[in-house]
>>> print(open('structure_4.pdb').read())   # PDB, C-alpha atoms, pLDDT in the B column
ATOM      1  CA  MET J   1       0.551  -8.185  18.510  1.00 58.00           C
ATOM      2  CA  ALA J   2       0.409  -8.816  14.760  1.00 73.00           C
ATOM      3  CA  SER J   3       2.007  -6.307  12.460  1.00 84.00           C
ATOM      4  CA  SER J   4       0.418  -4.804   9.364  1.00 89.00           C
ATOM      5  CA  CYS J   5       2.244  -3.819   6.204  1.00 91.00           C
ATOM      6  CA  PHE J   6       1.393  -0.740   4.184  1.00 94.00           C
ATOM      7  CA  LEU J   7       2.513   0.362   0.760  1.00 92.00           C
ATOM      8  CA  LEU J   8       3.140   4.110   0.863  1.00 93.00           C
ATOM      9  CA  TRP J   9       2.915   6.151  -2.315  1.00 92.00           C
ATOM     10  CA  TYR J  10       4.828   9.398  -1.985  1.00 92.00           C
ATOM     11  CA  ALA J  11       4.446  12.596  -3.998  1.00 91.00           C
ATOM     12  CA  ASP J  12       7.304  13.205  -6.421  1.00 87.00           C
ATOM     13  CA  HIS J  13       8.405  16.522  -4.908  1.00 87.00           C
ATOM     14  CA  HIS J  14      10.455  17.407  -1.794  1.00 90.00           C
ATOM     15  CA  THR J  15      12.093  13.970  -1.849  1.00 88.00           C
ATOM     16  CA  ASP J  16      14.807  15.138   0.546  1.00 88.00           C
ATOM     17  CA  PHE J  17      12.142  15.957   3.175  1.00 91.00           C
ATOM     18  CA  ARG J  18      10.408  12.532   3.214  1.00 90.00           C
ATOM     19  CA  LEU J  19      12.496  10.982   5.972  1.00 88.00           C
ATOM     20  CA  ALA J  20      12.334  14.061   8.207  1.00 90.00           C
ATOM     21  CA  GLU J  21       8.565  14.287   7.795  1.00 93.00           C
ATOM     22  CA  ILE J  22       7.800  10.655   8.582  1.00 92.00           C
ATOM     23  CA  LYS J  23      10.211  10.574  11.545  1.00 92.00           C
ATOM     24  CA  SER J  24       8.548  13.690  12.942  1.00 95.00           C
ATOM     25  CA  LEU J  25       5.071  12.180  12.521  1.00 95.00           C
ATOM     26  CA  ILE J  26       6.178   8.868  14.064  1.00 94.00           C
ATOM     27  CA  SER J  27       7.386  10.814  17.085  1.00 95.00           C
ATOM     28  CA  LEU J  28       4.242  12.951  17.233  1.00 94.00           C
ATOM     29  CA  TYR J  29       1.899   9.943  17.096  1.00 93.00           C
ATOM     30  CA  ASN J  30       4.184   7.699  19.185  1.00 94.00           C
ATOM     31  CA  VAL J  31       3.712   4.790  16.802  1.00 93.00           C
ATOM     32  CA  GLN J  32       6.192   1.987  16.109  1.00 93.00           C
ATOM     33  CA  VAL J  33       7.030   1.855  12.380  1.00 92.00           C
ATOM     34  CA  ASP J  34       9.730  -0.177  10.661  1.00 91.00           C
ATOM     35  CA  LEU J  35      11.003   2.108   7.923  1.00 84.00           C
ATOM     36  CA  PRO J  36      12.428   0.747   4.659  1.00 77.00           C
ATOM     37  CA  CYS J  37      16.147   0.104   4.386  1.00 68.00           C
ATOM     38  CA  GLN J  38      16.496   1.913   1.074  1.00 65.00           C
ATOM     39  CA  SER J  39      16.716   5.667   0.782  1.00 69.00           C
ATOM     40  CA  LEU J  40      13.357   7.417   0.838  1.00 67.00           C
ATOM     41  CA  GLU J  41      14.634   9.651  -1.957  1.00 72.00           C
ATOM     42  CA  GLN J  42      15.079   6.860  -4.529  1.00 74.00           C
ATOM     43  CA  SER J  43      11.480   5.744  -5.169  1.00 82.00           C
ATOM     44  CA  SER J  44       7.916   6.943  -4.718  1.00 86.00           C
ATOM     45  CA  PHE J  45       6.834   3.606  -3.206  1.00 87.00           C
ATOM     46  CA  PHE J  46       7.833   2.097   0.144  1.00 88.00           C
ATOM     47  CA  VAL J  47       6.643  -0.767   2.304  1.00 90.00           C
ATOM     48  CA  VAL J  48       6.500  -0.154   6.045  1.00 92.00           C
ATOM     49  CA  LYS J  49       5.403  -2.344   8.972  1.00 93.00           C
ATOM     50  CA  THR J  50       3.564  -1.244  12.072  1.00 94.00           C
ATOM     51  CA  THR J  51       1.879  -2.886  15.042  1.00 92.00           C
ATOM     52  CA  SER J  52      -0.603   0.002  15.314  1.00 92.00           C
ATOM     53  CA  PRO J  53      -2.378   0.305  11.947  1.00 91.00           C
ATOM     54  CA  ASP J  54      -5.071   2.738  13.146  1.00 91.00           C
ATOM     55  CA  ARG J  55      -2.542   5.116  14.696  1.00 93.00           C
ATOM     56  CA  PHE J  56      -0.325   4.753  11.636  1.00 94.00           C
ATOM     57  CA  LEU J  57      -3.201   5.754   9.328  1.00 94.00           C
ATOM     58  CA  SER J  58      -3.782   8.837  11.509  1.00 94.00           C
ATOM     59  CA  LEU J  59      -0.130   9.681  10.953  1.00 94.00           C
ATOM     60  CA  VAL J  60      -0.585   9.229   7.177  1.00 96.00           C
ATOM     61  CA  ARG J  61      -3.539  11.635   7.170  1.00 95.00           C
ATOM     62  CA  ARG J  62      -1.264  14.327   8.653  1.00 95.00           C
ATOM     63  CA  SER J  63       1.465  13.783   6.065  1.00 96.00           C
ATOM     64  CA  ILE J  64       1.932  16.305   3.287  1.00 95.00           C
ATOM     65  CA  LEU J  65       4.132  14.091   1.112  1.00 95.00           C
ATOM     66  CA  ILE J  66       2.344  10.722   1.316  1.00 95.00           C
ATOM     67  CA  ARG J  67      -0.245  10.531  -1.467  1.00 94.00           C
ATOM     68  CA  SER J  68      -1.803   7.253  -0.338  1.00 93.00           C
ATOM     69  CA  ALA J  69      -1.294   4.298   1.967  1.00 94.00           C
ATOM     70  CA  PHE J  70      -2.548   0.856   0.984  1.00 92.00           C
ATOM     71  CA  GLU J  71      -2.753  -2.131   3.290  1.00 90.00           C
ATOM     72  CA  LEU J  72      -0.446  -4.656   1.669  1.00 89.00           C
ATOM     73  CA  TRP J  73      -2.014  -8.105   1.541  1.00 86.00           C
ATOM     74  CA  ALA J  74       0.706  -9.797  -0.526  1.00 89.00           C
ATOM     75  CA  SER J  75       3.548  -9.160  -2.935  1.00 90.00           C
ATOM     76  CA  GLY J  76       5.348 -11.060  -5.658  1.00 91.00           C
ATOM     77  CA  ASN J  77       8.015 -10.778  -8.326  1.00 92.00           C
ATOM     78  CA  ASN J  78       5.508 -11.525 -11.111  1.00 90.00           C
ATOM     79  CA  ASP J  79       1.753 -11.889 -11.642  1.00 88.00           C
ATOM     80  CA  ASP J  80       1.624 -15.613 -10.842  1.00 92.00           C
ATOM     81  CA  GLU J  81       3.631 -15.264  -7.637  1.00 94.00           C
ATOM     82  CA  LEU J  82       1.487 -12.311  -6.523  1.00 92.00           C
ATOM     83  CA  ILE J  83      -1.770 -14.192  -7.129  1.00 93.00           C
ATOM     84  CA  ALA J  84      -0.478 -17.281  -5.296  1.00 94.00           C
ATOM     85  CA  ASN J  85       0.514 -15.122  -2.315  1.00 93.00           C
ATOM     86  CA  ILE J  86      -2.848 -13.318  -2.290  1.00 90.00           C
ATOM     87  CA  LYS J  87      -4.695 -16.650  -2.275  1.00 91.00           C
ATOM     88  CA  LYS J  88      -2.435 -17.924   0.505  1.00 91.00           C
ATOM     89  CA  HIS J  89      -3.075 -14.866   2.717  1.00 86.00           C
ATOM     90  CA  LEU J  90      -6.715 -14.235   1.779  1.00 84.00           C
ATOM     91  CA  PRO J  91      -8.087 -15.924   4.930  1.00 82.00           C
ATOM     92  CA  LEU J  92      -6.207 -13.323   7.002  1.00 77.00           C
ATOM     93  CA  VAL J  93      -7.817 -10.345   5.249  1.00 77.00           C
ATOM     94  CA  LYS J  94     -10.498  -8.569   7.229  1.00 70.00           C
ATOM     95  CA  ARG J  95     -13.936  -9.754   6.138  1.00 74.00           C
ATOM     96  CA  GLU J  96     -15.422  -6.231   6.199  1.00 74.00           C
ATOM     97  CA  TYR J  97     -13.466  -5.465   3.031  1.00 76.00           C
ATOM     98  CA  PHE J  98     -15.598  -7.990   1.162  1.00 82.00           C
ATOM     99  CA  SER J  99     -19.057  -7.085   2.515  1.00 81.00           C
ATOM    100  CA  THR J 100     -21.831  -5.510   0.448  1.00 85.00           C
ATOM    101  CA  SER J 101     -21.496  -2.329   2.530  1.00 85.00           C
ATOM    102  CA  SER J 102     -17.921  -1.790   1.279  1.00 84.00           C
ATOM    103  CA  THR J 103     -16.999  -0.474  -2.120  1.00 85.00           C
ATOM    104  CA  PHE J 104     -13.827  -1.295  -3.991  1.00 84.00           C
ATOM    105  CA  LYS J 105     -11.823  -0.286  -7.014  1.00 86.00           C
ATOM    106  CA  ILE J 106      -8.888  -2.053  -8.598  1.00 87.00           C
ATOM    107  CA  ARG J 107      -6.542   0.352 -10.326  1.00 86.00           C
ATOM    108  CA  VAL J 108      -3.282  -0.497 -12.069  1.00 87.00           C
ATOM    109  CA  THR J 109      -0.621   2.163 -11.598  1.00 82.00           C
ATOM    110  CA  SER J 110       2.792   1.961 -13.210  1.00 80.00           C
ATOM    111  CA  PHE J 111       5.977   3.537 -11.966  1.00 77.00           C
ATOM    112  CA  GLY J 112       8.722   4.465 -14.422  1.00 79.00           C
ATOM    113  CA  ARG J 113       6.907   2.993 -17.445  1.00 85.00           C
ATOM    114  CA  LYS J 114       3.510   2.852 -19.096  1.00 91.00           C
ATOM    115  CA  THR J 115       1.188  -0.134 -19.003  1.00 90.00           C
ATOM    116  CA  LYS J 116      -1.167  -0.468 -21.962  1.00 94.00           C
ATOM    117  CA  ALA J 117      -4.897  -0.623 -21.292  1.00 93.00           C
ATOM    118  CA  ASP J 118      -5.230  -4.232 -22.523  1.00 95.00           C
ATOM    119  CA  ARG J 119      -2.448  -5.331 -20.140  1.00 92.00           C
ATOM    120  CA  GLN J 120      -4.115  -3.434 -17.258  1.00 93.00           C
ATOM    121  CA  LYS J 121      -7.427  -5.147 -18.013  1.00 94.00           C
ATOM    122  CA  ALA J 122      -5.744  -8.572 -18.106  1.00 93.00           C
ATOM    123  CA  MET J 123      -4.076  -7.880 -14.757  1.00 91.00           C
ATOM    124  CA  ILE J 124      -7.382  -6.868 -13.170  1.00 92.00           C
ATOM    125  CA  GLU J 125      -9.184  -9.906 -14.593  1.00 93.00           C
ATOM    126  CA  LYS J 126      -6.626 -12.205 -12.945  1.00 93.00           C
ATOM    127  CA  LEU J 127      -8.005 -10.953  -9.607  1.00 91.00           C
ATOM    128  CA  ASP J 128     -11.565 -12.096 -10.305  1.00 90.00           C
ATOM    129  CA  PHE J 129     -11.267 -14.718  -7.541  1.00 90.00           C
ATOM    130  CA  LEU J 130     -11.357 -11.998  -4.856  1.00 88.00           C
ATOM    131  CA  PRO J 131     -14.687 -12.204  -3.001  1.00 87.00           C
ATOM    132  CA  PHE J 132     -15.656  -8.521  -3.276  1.00 83.00           C
ATOM    133  CA  GLU J 133     -19.420  -8.015  -3.039  1.00 82.00           C
ATOM    134  CA  GLY J 134     -19.750  -4.219  -2.787  1.00 67.00           C
TER     135      GLY J 134
END
>>> encode(input="structure_4.pdb", output="structure tokens")
Amino acid sequence: MASSCFLLWYADHHTDFRLAEIKSLISLYNVQVDLPCQSLEQSSFFVVKTTSPDRFLSLVRRSILIRSAFELWASGNNDDELIANIKKHLPLVKREYFSTSSTFKIRVTSFGRKTKADRQKAMIEKLDFLPFEG
């Protein structure tokens, strides 16, 4: 069974309760999740892997501390590496994300620093190759 990766965005409060909450929800939903190696108290963003994405998203909906969960298609250490990895993995992305019945929004969010609007726009424009139709 293929695994899916998700980027979790945690709220900035109750950082010492993050691990207890997610472990409790993993147990409640009986879902296999590979938790990050780093401390859940150090950052608001974490990548996790699961073989049960639908059950994992049900778990996320029950969480108080997880703001959002995003299916992670690719990652990179810089813009060029990220774009190359997205293009490489694009055939694996579910086609329903690109249909006219789906809507999309690309938002640039910074953590620990500000990103100027012109830089955000340039980053978004680099993704113009994505076949979104909605």
>>> axis_aligned_box(input="structure_4.pdb", around="range 39-52 of chain J", padding_each_side="6 Å", output="lines of an AutoDock Vina configuration file")
center_x = 8.1
center_y = 3.4
center_z = 5.1
size_x = 29.3
size_y = 24.5
size_z = 32.5
>>> residues_around(input="structure_4.pdb", residues="Arg119 in chain J", least_positions_apart="6", cutoff="12 Å", atoms="all atoms listed in the file", output="list in words")
Asp79, Val108, Thr109, Ser110, Glu125 and Lys126 of chain J
>>> resolve_selection(input="structure_4.pdb", expression="the PyMOL selection byres ((chain J and resi 111) around 12)", output="PyMOL selection string")
chain J and resi 9-10+12+43-45+108-110+112-115
>>> resolve_selection(input="structure_4.pdb", expression="the PyMOL selection byres ((chain J and resi 3) around 7)", output="list in words")
Met1, Ala2, Ser4, Cys5, Lys49, Thr50 and Thr51 of chain J
>>> write_last_selection(input="structure_4.pdb", atoms="C-alpha atoms", output="short mmCIF file (atom, residue, chain, number, x, y, z; two decimals), in the frame of the given file")
data_model
loop_
_atom_site.label_atom_id
_atom_site.label_comp_id
_atom_site.auth_asym_id
_atom_site.auth_seq_id
_atom_site.Cartn_x
_atom_site.Cartn_y
_atom_site.Cartn_z
CA MET J 1 0.55 -8.18 18.51
CA ALA J 2 0.41 -8.82 14.76
CA SER J 4 0.42 -4.80 9.36
CA CYS J 5 2.24 -3.82 6.20
CA LYS J 49 5.40 -2.34 8.97
CA THR J 50 3.56 -1.24 12.07
CA THR J 51 1.88 -2.89 15.04
#
>>> closest_residue(input="structure_4.pdb", among="J:Ile106, J:Asp128, J:Leu19, J:Gln42", to="Phe70 in chain J", atoms="all atoms listed in the file")
J:Ile106
